Amino acid sequence: MTELPANFDSWEHLQQTYMLEYNKRVDKFFSDVQGNGDLSGPRPSLKLACRLKDDDNIATWNLRTSLFFDVIGYSRKNLSIFYGSNFDATIPVSDHPQLFLYFSQDAQAVPVDGKRIDHEKSCRLMRYASKAGESLPAITRANLLDIAHEIKNLFMEGQKGITYTCGKISVSYTDPIHGFPKGNYWLVNSKSEAITLYEKLCNAIDQPFDLNKINVGTPEKDSTTQASIGTDTILGTHYKKRAYRPIANLRFRYAYVSFGSTAPPIFLIDTTRRNTALLA
């Protein structure tokens, strides 16, 4: 074992190592920003605020790392998150990879003390098997990249995901042969918007869209908002009641493919930059 030099400063070594590794992660997260950041826009300004510098004192060090890990949320990246639903029984399409698209409200649109609204939609990739040895070819990285590019073209505009308006109308699309088993539905504010979304999703996975397989459910009950429904009191603590199919604009955030096993999902696109994705 190599001896450390007599003048070795373990605290200085720790600081330099931490700063090097930490700034690498900041630079990767802000890979779309040139240099070390500036004040030309929100993301360059955030990068400038996050990067550690040699002359930072401990208070500044703590603020920068807290901003990056906690406020921006980098520390929540690649956690063991529950994706989708567990099924006790195998369904006919279970041997095929499952594509998920996730949508949520913009942070500034969430009311004070309100809960962020999010929806997740999925379909099966019926052209492929989840693993080798099936009658269909196992999905490859090239296949996933093709789907990722299609999703980017259809569900993104520039660097942002497209939005749609959710609401009380339930629009289902049932076509198991092409990847949409029974129970697949979209909550929207208009039938036409759901049709557009299903057309986009069918195009993304290169499957035909059939308008005759659309079914619309419009409940008599009106949508409610969190501001209008009051609170419940449980053990002396007040909680907001759950809104009924509220109307809100939801933005596409990311898409990933699950293989129905213990294998982790593969992210195709992630506009939040919290997961490593095939397309930056």
# chains A, B, ... in the order shown; residues from 1 in each chain; ligands from 1
$ select_by_dssp --residues "segment 66-227 of chain A" --states "strand (DSSP E or B)" --output "PyMOL selection string"
chain A and resi 98-104+118-124+129+138+156-157+160-161+163-166+169-173+175+180+185-188+214-217
$ residues_around --residues "Asn212 of chain A" --least-positions-apart "4" --cutoff "12 Å" --atoms "only C-alpha atoms" --output "count of residues only"
7
$ residues_around --residues "segment 22-36 of chain A" --least-positions-apart "4" --cutoff "7 Å" --atoms "only C-alpha atoms" --output "list in words"
Tyr18, Pro44, Lys47, Leu48, Arg51, Leu52 and Arg273 of chain A
$ write_last_selection --atoms "N, CA and C atoms" --output "tab-separated table (two decimals), in the first residue's frame"
chain	number	residue	atom	x	y	z
A	18	TYR	N	-14.92	15.75	-4.03
A	18	TYR	CA	-16.37	15.97	-4.04
A	18	TYR	C	-16.74	16.99	-5.12
A	44	PRO	N	-29.30	28.39	-17.85
A	44	PRO	CA	-27.92	28.84	-17.60
A	44	PRO	C	-27.74	29.45	-16.21
A	47	LYS	N	-27.58	26.59	-13.67
A	47	LYS	CA	-26.27	25.93	-13.71
A	47	LYS	C	-25.22	26.75	-12.98
A	48	LEU	N	-25.23	28.05	-13.22
A	48	LEU	CA	-24.29	28.95	-12.56
A	48	LEU	C	-24.44	28.88	-11.04
A	51	ARG	N	-23.10	25.05	-9.67
A	51	ARG	CA	-21.72	24.58	-9.72
A	51	ARG	C	-20.90	25.07	-8.52
A	52	LEU	N	-20.14	24.15	-7.94
A	52	LEU	CA	-19.26	24.49	-6.82
A	52	LEU	C	-18.00	25.18	-7.34
A	273	ARG	N	-34.93	15.25	-17.18
A	273	ARG	CA	-33.50	14.94	-17.06
A	273	ARG	C	-33.16	14.24	-15.73
$ closest_residue --among "A:Lys241, A:Lys152, A:Tyr254, A:Pro264" --to "Ala277 of chain A" --atoms "only C-alpha atoms"
A:Tyr254
$ closest_residue --among "A:Gln207, A:Ser190, A:Ser170, A:Thr196" --to "Arg245 of chain A" --atoms "only C-alpha atoms"
A:Ser170
